[in-house]
Each structure stands twice: as structure tokens, then as C-alpha cells.
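Note sheet for the following structure.
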Amino acid sequence: MSLKRRGVRALLGIVLVLVLTGCWDQRPVESRAAVAAIGIDPTPFRGIQRYTFMFPDSTITASSLSSTTRSQEFYPLSVTAPSLLLALKQLQAKQSRALYLGQVRIVAFSTALPASIWSQTMFDMADSARFVLTLWVVGTADAQRLVELTPSSEVVPEVALYRALTCHCQPVQWPGRGWRIWDMAATPGVSIHAADVAVSSHAFAIHSLLVVGHRVQPWSEPATTGWAYLTGHINHDLKAVTVGGAPVTVALIRGTSNLQIRGTPHHVVVTDDLHYSGVLIEGGATAGPTPSDAAVERAVTTQIQHDIQAAWQASMHTGTDPMGWHRDATWVDQRWTSPVSDWKGWRLDPVVHFTLREEGILR
């Protein structure tokens, strides 16, 4: 082989190594504009949304960090557009750096947006291949206000909410991972559902479940709790009940939910076998004998059953299925396929087992 041919092959090998390792498509951090959170709100114009993007301020240095207030660490940019992808196009036109969407942590939808915007936006995010869908999707009354919030307990605005949703420290394990929301939008038989976040001037609070059907509807707190029990999304709930005239508090409630669907296409029976336990942390504050374990267990069981019925009624009233039972029924038998809003012929038979664990200072 000639020296010239060897040189050509060596050069070609170097080029292939550089291309295959992705060296040509890498951008240094200083040339990127990383988006941390996105808020989507309606506008007075039909089919046009306002998209608010939160960016970390890249001009802040280590030496200036101590003199920088929390509100100065991030800055928002807003555009109006009929879709997320067109909003990104407008946003890029205003940037001297390449938009980077791999670090988005929160996407907040206004509860005033139509359900179609939720679905279409999730498809746009998945199809663009620019988002990492481990981000969290939430609903709120004012999405811009939520993503611009700077909580006093956290330096970075969206980190506080992101941590609250991922810490497993909330009573309810909230839904809303981006890939799951996308899956809900793409799978017949399950309604899109996410956490509904309230926001004040300096804080947020996660109150209830937000269910997307023909329109976006927040559920009551009892219905939300009932959904969590039915689907095994309870982390450590707390129940305050009255037994024999005495207030009793049971905490650290956790357990499992085992679902079985049977019947015919015209008469579907859902049996949910729930096994939960908790710890007695306060009881018998008034004069008199301490309530028996059996009495406390019956009272908590009744409260859980009340929550479950609230969730069942909310599902039928709103024509939605955040439990995904219509999807599960189709997997069992395709003859049971029906619109997610159709609960005709369905019956729920929940069986609740609650016991007190031998823990706590009163045990």
C-alpha cells in the first residue's frame, strides 16, 4: 500500500472517529441558553397561548453570587404562539445562544387551557426529541406566576416544586412525569391527570388532582385521596377521626391496592382489595378510656371508604378515568372497549382492610 493511500485512510479514520463520537454536535455551556421551566397560559385570542420560559442568568459569576438576590438568579422571556414548537422558534430568534431544553424541570399548564392543548403540547415535546421527559407536568391557575415564583426556602425557583414532587415526602405520590403524561395522552382508556398546584406571592401548595377530560377539572381533596388509595399512590396519609367522642389521629398510613376486573362487556365489576396500615400517634385526649384498636381501625376504614366513594363519584360525574380502569379492562378482554367517559354498566366493589401497626409512643 502506498504512503499516500495510507495517509488518506488515516485521515478518513480520524474524521469517522470525530463524527461517530459526536464531537461536531457538542456545544459548550457558555453557548447554550438552558431553559429551566415553562409556563403555558391562555391569551384573549383563540388558539394562541402565552409561553413563559425561565432561564438561569448566565452573567452571574462566583464572585457576584453572594450579592445576587434570588429574583435575579433567573429571568423570564415570554412569547405568544399557537403551539410550543412555534413558540420555541420565536424564542430562538431572540437568542444569541442555542436553546437547550434538556434541563427543563417543570412544565406548568394553566387550568383555563382546553384539554386539546395539553395533549398536543405533550406530543410536540415527545416528537421534537429536544426534551428529557423526566420533567414534571403540573396544572395551576396561573402558570406564569408559578414558574416565576422564587420560594424563600430555595435558591432556584423551579427546584422547590420539583423536589416536592420527587421527594416521596408528600402524603400522596403525585402523578405528572412527562413521559407518563405523554403515555396517558397516547393510550385510550385513561385520562390525563397531574398535580394541581396553588401559588401565592411567596409559596406554592399541592392540594388536589387535576383531571383532563372534555375540559380540565380539579378534584376535591377527598376524591383526590380516594384516587390515591384506589391506585396505591398513598405515601403516608394522616386521618383524624372521632372514636367514642374522643379525637384520634392515625398517621404514616401506607399500603397496597390490588385490582381485579371481571364481568361482561355490559356489566363490568372492579374489585379493589386495599390493605393499609397506620400508626396511632394521638388518642384519648379527653377524659375517659382510650379507644380500642378495633374501634380506631373501623373508624379509619370508614373514612377511607368515604374517600374512595368520592373518587368513584367524581369519575362518573366528570366522565373521566384517572385510574385507567377502561384501559385495564381492554387489556383483559378487548370486547370491553368503550369510551373513557362511559361508566354505564360499571360497578366498584372496594374491600378495605386497615390495621394499626405496633409503632408510636402510644403503643
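Here, A, B, ... name the chains of the C-alpha cells in the order displayed, residue numbers run from 1 inside each chain, and ligands are numbered from 1 in the same displayed order.
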
Checklist entry - If you count only C-alpha atoms, which residues fall within 7 Å of Ala115 of chain A, apart from same-chain ones fewer than 5 positions away, as JSON, numbers by chain? => result {"A": [212, 213, 214, 215, 216]}

Next on the checklist: Residues within 8 Å of Leu356 of chain A, please, as number ranges by chain. Count only C-alpha atoms; anything in the same chain fewer than 3 positions from it doesn't count.
Outcome noted: A: 277-280, 293, 297

Checklist entry - Can you list, as a list in words, every protein, DNA or RNA residue that comes within 7 Å of Thr134 of chain A when you count only C-alpha atoms, leaving out same-chain residues fewer than 4 positions away? => result Arg177, Gly178 and Trp179 of chain A

Residue subset to file, keeping C-alpha atoms, as an mmCIF file, in the first residue's frame:
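Written file, out28.cif:
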```
data_model
loop_
_atom_site.group_PDB
_atom_site.id
_atom_site.type_symbol
_atom_site.label_atom_id
_atom_site.label_comp_id
_atom_site.auth_asym_id
_atom_site.auth_seq_id
_atom_site.Cartn_x
_atom_site.Cartn_y
_atom_site.Cartn_z
ATOM 1 C CA ARG A 177 -43.761 12.803 34.996
ATOM 2 C CA GLY A 178 -43.598 13.987 31.397
ATOM 3 C CA TRP A 179 -43.272 10.553 29.852
#
```

Next on the checklist: Can you pull out the residues contacting Thr231 of chain A? Cut-off 10 Å, using only C-alpha atoms, and skip same-chain residues under 5 positions away; I want them as a ChimeraX atom specification.
Outcome noted: /A:225-226,256-259,272,274,322-324

Item to check | Contacts of Gly47 of chain A at 12 Å (only C-alpha atoms; same-chain gap of 5+ positions) as a ChimeraX atom specification | outcome: /A:41-42,80-84,113-114,116-117

Next on the checklist: Which residues are close to Trp182 of chain A, i.e. within 9 Å by only C-alpha atoms, leaving aside same-chain residues fewer than 3 positions away? Reply as a list in words.
Outcome noted: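 Everything that qualifies: Ser119, Met122, Phe123, Met125, Ala126, Leu133, Arg177, Gly178, Trp179, Ala185, Ala186, Thr187 and Ile192 of chain A.
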
Taking 4 positions as the minimum chain separation for residues in the same chain, which residues sit within 10 Å of Arg262 of chain A when counting only C-alpha atoms? Answer as a tab-separated table (two decimals) with C-alpha atoms, in the first residue's frame.
```tsv
chain	number	residue	atom	x	y	z
A	267	HIS	CA	-71.55	-5.41	33.19
A	268	VAL	CA	-68.01	-4.74	34.40
A	269	VAL	CA	-67.13	-5.30	38.07
A	270	VAL	CA	-63.99	-3.73	39.53
A	271	THR	CA	-62.82	-5.35	42.75
A	329	ALA	CA	-60.36	-3.71	31.07
A	332	VAL	CA	-58.18	-8.16	29.95
A	333	ASP	CA	-60.74	-8.50	27.14
```

Item to check | Counting only C-alpha atoms, the residue of A:Gln217, A:Thr43, A:Ser315, A:Thr150 that sits nearest Ser201 of chain A | outcome: A:Thr150

Checklist entry - Could you state the separation of atom CA of Thr301 of chain A and atom CA of His207 of chain A in Å, given to one decimal place? => result 22.4 Å

Item to check | Which of A:Phe354, A:Leu135, A:Tyr162, A:Ile181 sits closest to Trp118 of chain A [using only C-alpha atoms] | outcome: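 Of all the options, A:Ile181 lies closest to Trp118 of chain A.
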
Checklist entry - DSSP on the backbone: what in segment 20-265 of chain A comes out alpha helix (DSSP H), as a PyMOL selection string? => result chain A and resi 20+70-73+84-93+115-128+143-147+157-166+178-186+221-231

Next on the checklist: With DSSP run on the backbone, what are the strand (DSSP E) residues within segment 35-249 of chain A? I'd like them as a VMD selection string.
Outcome noted: chain A and resid 37 to 42 49 to 56 74 to 81 98 to 100 106 to 110 136 to 140 192 to 199 204 to 212 216 to 218 237 to 243 246 to 249

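The space between atom CA of Thr52 of chain A and atom CA of Glu148 of chain A spans 8.7 Å.
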
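Closest approach to Ile106 of chain A among A:Val132, A:Val137, A:Leu85, A:Ile281 is made by A:Val137 (distances from only C-alpha atoms).
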
Checklist outcome for this item: Using only C-alpha atoms, the best pick from A:Thr320, A:Ser78, A:Thr121, A:Thr242 as closest to Ala299 of chain A would be A:Thr242

Next on the checklist: I need the residue nearest His193 of chain A from this list: A:Trp346, A:Val147, A:Phe109, A:Tyr229. Use only C-alpha atoms for the distance.
Outcome noted: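 Between A:Trp346, A:Val147, A:Phe109, A:Tyr229, the residue approaching His193 of chain A most closely is A:Phe109.
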
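For the set A:Pro222, A:Gly255, A:Pro171, A:Gly345, the residue with the smallest atom-to-atom gap to Ile308 of chain A is A:Pro222, counting only C-alpha atoms.
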
Item to check | atom CA of Ile40 of chain A to atom CA of Cys169 of chain A, straight-line distance in Å | outcome: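 Atom-to-atom, atom CA of Cys169 of chain A to atom CA of Ile40 of chain A, that is 27.3 Å.
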